>>> print(open('data.cif').read())   # mmCIF, C-alpha atoms
data_coords
loop_
_atom_site.label_atom_id
_atom_site.label_comp_id
_atom_site.auth_asym_id
_atom_site.auth_seq_id
_atom_site.Cartn_x
_atom_site.Cartn_y
_atom_site.Cartn_z
CA MET A 1 -16.57 11.87 -19.63
CA LEU A 2 -14.52 14.14 -17.40
CA THR A 3 -12.59 12.34 -14.69
CA THR A 4 -11.21 13.91 -11.54
CA THR A 5 -8.67 12.65 -9.02
CA ILE A 6 -9.06 13.19 -5.31
CA GLU A 7 -5.80 13.07 -3.35
CA ILE A 8 -5.44 12.36 0.34
CA SER A 9 -1.85 12.86 1.41
CA ARG A 10 0.04 11.53 4.40
CA LEU A 11 -2.86 10.38 6.59
CA LEU A 12 -1.14 9.40 9.86
CA LEU A 13 -2.64 6.43 11.70
CA TYR A 14 -1.51 3.93 14.30
CA GLY A 15 -1.81 0.23 13.51
CA HIS A 16 -0.77 -3.24 14.59
CA HIS A 17 0.62 -4.61 11.34
CA GLY A 18 3.78 -6.65 10.97
CA VAL A 19 5.25 -10.12 11.06
CA ALA A 20 7.12 -9.62 14.35
CA MET A 21 5.15 -10.14 17.55
CA GLN A 22 6.40 -6.77 18.85
CA GLU A 23 4.73 -5.01 15.91
CA ARG A 24 1.44 -6.81 16.53
CA VAL A 25 1.45 -6.02 20.27
CA VAL A 26 3.00 -2.54 20.45
CA GLY A 27 2.00 -1.29 17.01
CA ASN A 28 3.57 1.37 14.86
CA ARG A 29 2.84 4.58 12.99
CA PHE A 30 1.67 4.36 9.40
CA GLU A 31 1.24 6.95 6.68
CA ILE A 32 -1.38 6.38 4.00
CA SER A 33 -1.68 8.38 0.79
CA LEU A 34 -4.32 7.87 -1.89
CA ARG A 35 -5.22 9.11 -5.36
CA LEU A 36 -8.67 8.02 -6.48
CA ARG A 37 -10.12 8.65 -9.96
CA TYR A 38 -13.87 9.16 -10.34
CA PRO A 39 -16.30 10.93 -12.67
CA ALA A 40 -16.89 14.41 -11.31
CA GLN A 41 -18.94 16.13 -13.98
CA GLU A 42 -21.95 16.61 -11.67
CA ALA A 43 -19.88 17.91 -8.74
CA LEU A 44 -18.12 20.46 -10.92
CA SER A 45 -21.43 22.13 -11.70
CA SER A 46 -23.65 21.29 -8.70
CA ASP A 47 -21.43 22.22 -5.72
CA ASN A 48 -23.16 19.37 -3.87
CA VAL A 49 -21.13 16.94 -1.76
CA ALA A 50 -23.54 14.13 -2.71
CA ASP A 51 -22.21 14.38 -6.29
CA THR A 52 -18.57 13.81 -5.41
CA LEU A 53 -16.29 11.30 -3.72
CA ASN A 54 -16.52 12.47 -0.11
CA TYR A 55 -12.96 12.45 1.25
CA ALA A 56 -14.19 12.28 4.87
CA GLU A 57 -15.98 9.00 4.06
CA VAL A 58 -12.88 7.73 2.24
CA ILE A 59 -10.79 8.47 5.36
CA GLU A 60 -13.29 6.61 7.58
CA THR A 61 -13.03 3.59 5.29
CA VAL A 62 -9.23 3.67 5.48
CA LYS A 63 -9.33 3.99 9.29
CA SER A 64 -11.64 0.96 9.54
CA GLU A 65 -9.28 -1.20 7.49
CA MET A 66 -6.22 0.03 9.39
CA ALA A 67 -7.86 -1.11 12.65
CA VAL A 68 -7.70 -4.77 11.51
CA PRO A 69 -4.23 -6.27 12.26
CA SER A 70 -2.32 -7.89 9.38
CA ASP A 71 1.12 -9.38 8.93
CA LEU A 72 1.80 -7.64 5.62
CA ILE A 73 1.32 -4.04 4.54
CA GLU A 74 0.52 -5.46 1.08
CA HIS A 75 -2.51 -7.13 2.64
CA VAL A 76 -3.53 -3.87 4.33
CA ALA A 77 -3.24 -1.96 1.03
CA GLY A 78 -5.26 -4.62 -0.77
CA ARG A 79 -7.99 -4.55 1.87
CA ILE A 80 -8.19 -0.76 1.69
CA ARG A 81 -8.54 -0.96 -2.10
CA GLU A 82 -11.30 -3.57 -1.92
CA ALA A 83 -13.21 -1.68 0.79
CA LEU A 84 -13.06 1.57 -1.20
CA ILE A 85 -14.25 -0.09 -4.42
CA LYS A 86 -17.11 -1.76 -2.55
CA ARG A 87 -18.23 1.40 -0.75
CA PHE A 88 -17.67 3.80 -3.67
CA PRO A 89 -18.51 2.00 -6.92
CA LYS A 90 -17.89 5.20 -8.96
CA ILE A 91 -14.14 4.88 -8.35
CA GLU A 92 -12.55 4.18 -11.74
CA GLY A 93 -9.00 3.55 -10.56
CA GLY A 94 -6.45 4.70 -8.10
CA TRP A 95 -3.16 4.58 -6.25
CA ILE A 96 -2.71 3.69 -2.58
CA LYS A 97 0.52 3.88 -0.61
CA VAL A 98 0.73 2.31 2.85
CA ALA A 99 4.01 3.20 4.58
CA LYS A 100 5.25 1.86 7.89
CA LEU A 101 7.23 4.65 9.55
CA CYS A 102 10.54 3.82 11.27
CA PRO A 103 10.10 0.04 10.96
CA PRO A 104 11.96 -2.17 13.45
CA CYS A 105 14.50 -3.73 11.08
CA GLY A 106 17.89 -3.09 12.68
CA VAL A 107 18.78 -0.03 10.59
CA GLN A 108 17.59 3.54 10.61
CA LEU A 109 15.27 4.43 7.74
CA ALA A 110 12.25 6.65 7.27
CA GLU A 111 9.76 4.10 5.97
CA VAL A 112 9.00 0.94 4.09
CA ALA A 113 5.97 1.05 1.84
CA CYS A 114 3.69 -0.84 -0.49
CA VAL A 115 2.01 0.91 -3.41
CA VAL A 116 -1.04 -0.56 -5.14
CA GLU A 117 -2.16 0.98 -8.42
CA TRP A 118 -5.08 0.00 -10.61
#
>>> encode(input="data.cif", output="structure tokens")
Amino acid sequence: MLTTTIEISRLLLYGHHGVAMQERVVGNRFEISLRLRYPAQEALSSDNVADTLNYAEVIETVKSEMAVPSDLIEHVAGRIREALIKRFPKIEGGWIKVAKLCPPCGVQLAEVACVVEW
């Protein structure tokens, strides 16, 4: 069976994730990227959105999980994975990166991130 990967790159969202109280109250910017594998044989020939993994629905699922505060970005990434698998059972595997941009850690850096791959 032919498998396709949909990629969503650098989705920018605001969230209240972190161990420090400041992060939970003020929040921070996050960047989420995903690669999701799914069978796409029907979509390649039908040109029908019902036969594919609808990226707009994937983004809505990610936004819903990002709205729930967590201490750890690992937990956020795991929740996103579980929600996607539940909503889109055709997903065969994937890669999710949740990056906290400019984290408050006393040094200047672009991001800290957690990557989940299955």
>>> atom_distance(input="data.cif", atom1="atom CA of A:Arg81", atom2="atom CA of A:Pro103")
22.8 Å
>>> atom_distance(input="data.cif", atom1="atom CA of A:Ser64", atom2="atom CA of A:Tyr14")
11.6 Å
>>> resolve_selection(input="data.cif", expression="the PyMOL selection byres ((chain A and resi 113) around 6)", output="list in words")
Val98, Ala99, Val112 and Cys114 of chain A
>>> residues_near_point(input="data.cif", point="(-5.0, 11.7, -10.9)", cutoff="10 Å", atoms="all atoms listed in the file", output="ChimeraX atom specification")
/A:3-7,34-38,93-95
>>> write_last_selection(input="data.cif", atoms="C-alpha atoms", output="CSV table (one decimal), in the frame of the given file")
chain,number,residue,atom,x,y,z
A,3,THR,CA,-12.6,12.3,-14.7
A,4,THR,CA,-11.2,13.9,-11.5
A,5,THR,CA,-8.7,12.6,-9.0
A,6,ILE,CA,-9.1,13.2,-5.3
A,7,GLU,CA,-5.8,13.1,-3.4
A,34,LEU,CA,-4.3,7.9,-1.9
A,35,ARG,CA,-5.2,9.1,-5.4
A,36,LEU,CA,-8.7,8.0,-6.5
A,37,ARG,CA,-10.1,8.6,-10.0
A,38,TYR,CA,-13.9,9.2,-10.3
A,93,GLY,CA,-9.0,3.6,-10.6
A,94,GLY,CA,-6.4,4.7,-8.1
A,95,TRP,CA,-3.2,4.6,-6.2
>>> resolve_selection(input="data.cif", expression="the PyMOL selection byres ((chain A and resi 39) around 10)", output="list in words")
Met1, Leu2, Thr3, Thr4, Thr5, Arg37, Tyr38, Ala40, Gln41, Glu42, Ala43, Leu44, Asp51, Thr52, Leu53, Lys90, Ile91 and Glu92 of chain A
>>> closest_residue(input="data.cif", among="A:Met66, A:Ala83, A:Glu74, A:Ile59", to="A:Phe30", atoms="all atoms listed in the file")
A:Met66
>>> closest_residue(input="data.cif", among="A:Ser33, A:Asn54, A:Glu117, A:Gly15", to="A:Ala67", atoms="only C-alpha atoms")
A:Gly15
>>> atom_distance(input="data.cif", atom1="atom CA of A:His75", atom2="atom CA of A:Arg24")
14.4 Å
>>> resolve_selection(input="data.cif", expression="the PyMOL selection byres ((chain A and resi 77) around 9)", output="list in words")
Glu65, Leu72, Ile73, Glu74, His75, Val76, Gly78, Arg79, Ile80, Arg81, Glu82, Ile96, Lys97, Val98, Cys114, Val115 and Val116 of chain A
>>> closest_residue(input="data.cif", among="A:Ser45, A:Asp71, A:Lys63, A:Val107", to="A:Met21", atoms="only C-alpha atoms")
A:Asp71
>>> closest_residue(input="data.cif", among="A:Ile85, A:Asn28, A:Glu60, A:Asp47", to="A:Glu111", atoms="all atoms listed in the file")
A:Asn28
>>> residues_around(input="data.cif", residues="A:Ala110", least_positions_apart="5", cutoff="9 Å", atoms="only C-alpha atoms", output="count of residues only")
4
>>> axis_aligned_box(input="data.cif", around="stretch 51-65 of chain A", padding_each_side="8 Å", output="AutoDock Vina command-line options")
--center_x -15.7 --center_y 6.6 --center_z 1.6 --size_x 29.0 --size_y 31.6 --size_z 31.8
>>> closest_residue(input="data.cif", among="A:Ile8, A:Tyr55, A:Val49, A:Ala20", to="A:Ile32", atoms="only C-alpha atoms")
A:Ile8
>>> build_atoms(input="data.cif", residues="stretch 45-71 of chain A", atoms="N, CA and C atoms", output="compact mmCIF listing (two decimals), keeping the file's coordinate frame")
# COMPACT_ATOMS: atom_id res chain seq x y z
N SER A 45 -20.39 21.14 -11.44
CA SER A 45 -21.43 22.13 -11.70
C SER A 45 -22.43 22.28 -10.56
N SER A 46 -22.60 21.24 -9.73
CA SER A 46 -23.65 21.29 -8.70
C SER A 46 -23.21 21.91 -7.38
N ASP A 47 -21.92 21.78 -7.03
CA ASP A 47 -21.43 22.22 -5.72
C ASP A 47 -22.12 21.47 -4.59
N ASN A 48 -22.46 20.20 -4.84
CA ASN A 48 -23.16 19.37 -3.87
C ASN A 48 -22.27 18.18 -3.50
N VAL A 49 -22.01 18.01 -2.22
CA VAL A 49 -21.13 16.94 -1.76
C VAL A 49 -21.66 15.55 -2.14
N ALA A 50 -22.96 15.42 -2.32
CA ALA A 50 -23.54 14.13 -2.71
C ALA A 50 -23.11 13.72 -4.12
N ASP A 51 -22.62 14.66 -4.91
CA ASP A 51 -22.21 14.38 -6.29
C ASP A 51 -20.72 14.10 -6.44
N THR A 52 -20.01 14.00 -5.34
CA THR A 52 -18.57 13.81 -5.41
C THR A 52 -18.15 12.59 -4.59
N LEU A 53 -16.88 12.32 -4.58
CA LEU A 53 -16.29 11.30 -3.72
C LEU A 53 -15.91 12.01 -2.42
N ASN A 54 -16.67 11.76 -1.38
CA ASN A 54 -16.52 12.47 -0.11
C ASN A 54 -15.24 12.00 0.59
N TYR A 55 -14.25 12.87 0.68
CA TYR A 55 -12.96 12.45 1.25
C TYR A 55 -13.07 12.08 2.72
N ALA A 56 -14.01 12.66 3.47
CA ALA A 56 -14.19 12.28 4.87
C ALA A 56 -14.65 10.83 4.98
N GLU A 57 -15.52 10.40 4.07
CA GLU A 57 -15.98 9.00 4.06
C GLU A 57 -14.86 8.06 3.59
N VAL A 58 -14.04 8.52 2.67
CA VAL A 58 -12.88 7.73 2.24
C VAL A 58 -11.95 7.52 3.43
N ILE A 59 -11.68 8.57 4.19
CA ILE A 59 -10.79 8.47 5.36
C ILE A 59 -11.37 7.50 6.39
N GLU A 60 -12.66 7.54 6.64
CA GLU A 60 -13.29 6.61 7.58
C GLU A 60 -13.13 5.17 7.12
N THR A 61 -13.23 4.94 5.83
CA THR A 61 -13.03 3.59 5.29
C THR A 61 -11.60 3.13 5.51
N VAL A 62 -10.64 4.00 5.26
CA VAL A 62 -9.23 3.67 5.48
C VAL A 62 -8.98 3.37 6.96
N LYS A 63 -9.51 4.20 7.84
CA LYS A 63 -9.33 3.99 9.29
C LYS A 63 -9.90 2.64 9.72
N SER A 64 -11.04 2.26 9.19
CA SER A 64 -11.64 0.96 9.54
C SER A 64 -10.74 -0.20 9.14
N GLU A 65 -10.16 -0.12 7.95
CA GLU A 65 -9.28 -1.20 7.49
C GLU A 65 -7.96 -1.21 8.26
N MET A 66 -7.46 -0.05 8.62
CA MET A 66 -6.22 0.03 9.39
C MET A 66 -6.39 -0.53 10.80
N ALA A 67 -7.60 -0.60 11.30
CA ALA A 67 -7.86 -1.11 12.65
C ALA A 67 -7.79 -2.63 12.71
N VAL A 68 -7.76 -3.30 11.57
CA VAL A 68 -7.70 -4.77 11.51
C VAL A 68 -6.24 -5.19 11.35
N PRO A 69 -5.65 -5.88 12.35
CA PRO A 69 -4.23 -6.27 12.26
C PRO A 69 -3.95 -7.21 11.08
N SER A 70 -2.79 -7.04 10.47
CA SER A 70 -2.32 -7.89 9.38
C SER A 70 -0.82 -8.07 9.50
N ASP A 71 -0.33 -9.17 8.97
CA ASP A 71 1.12 -9.38 8.93
C ASP A 71 1.78 -8.46 7.91
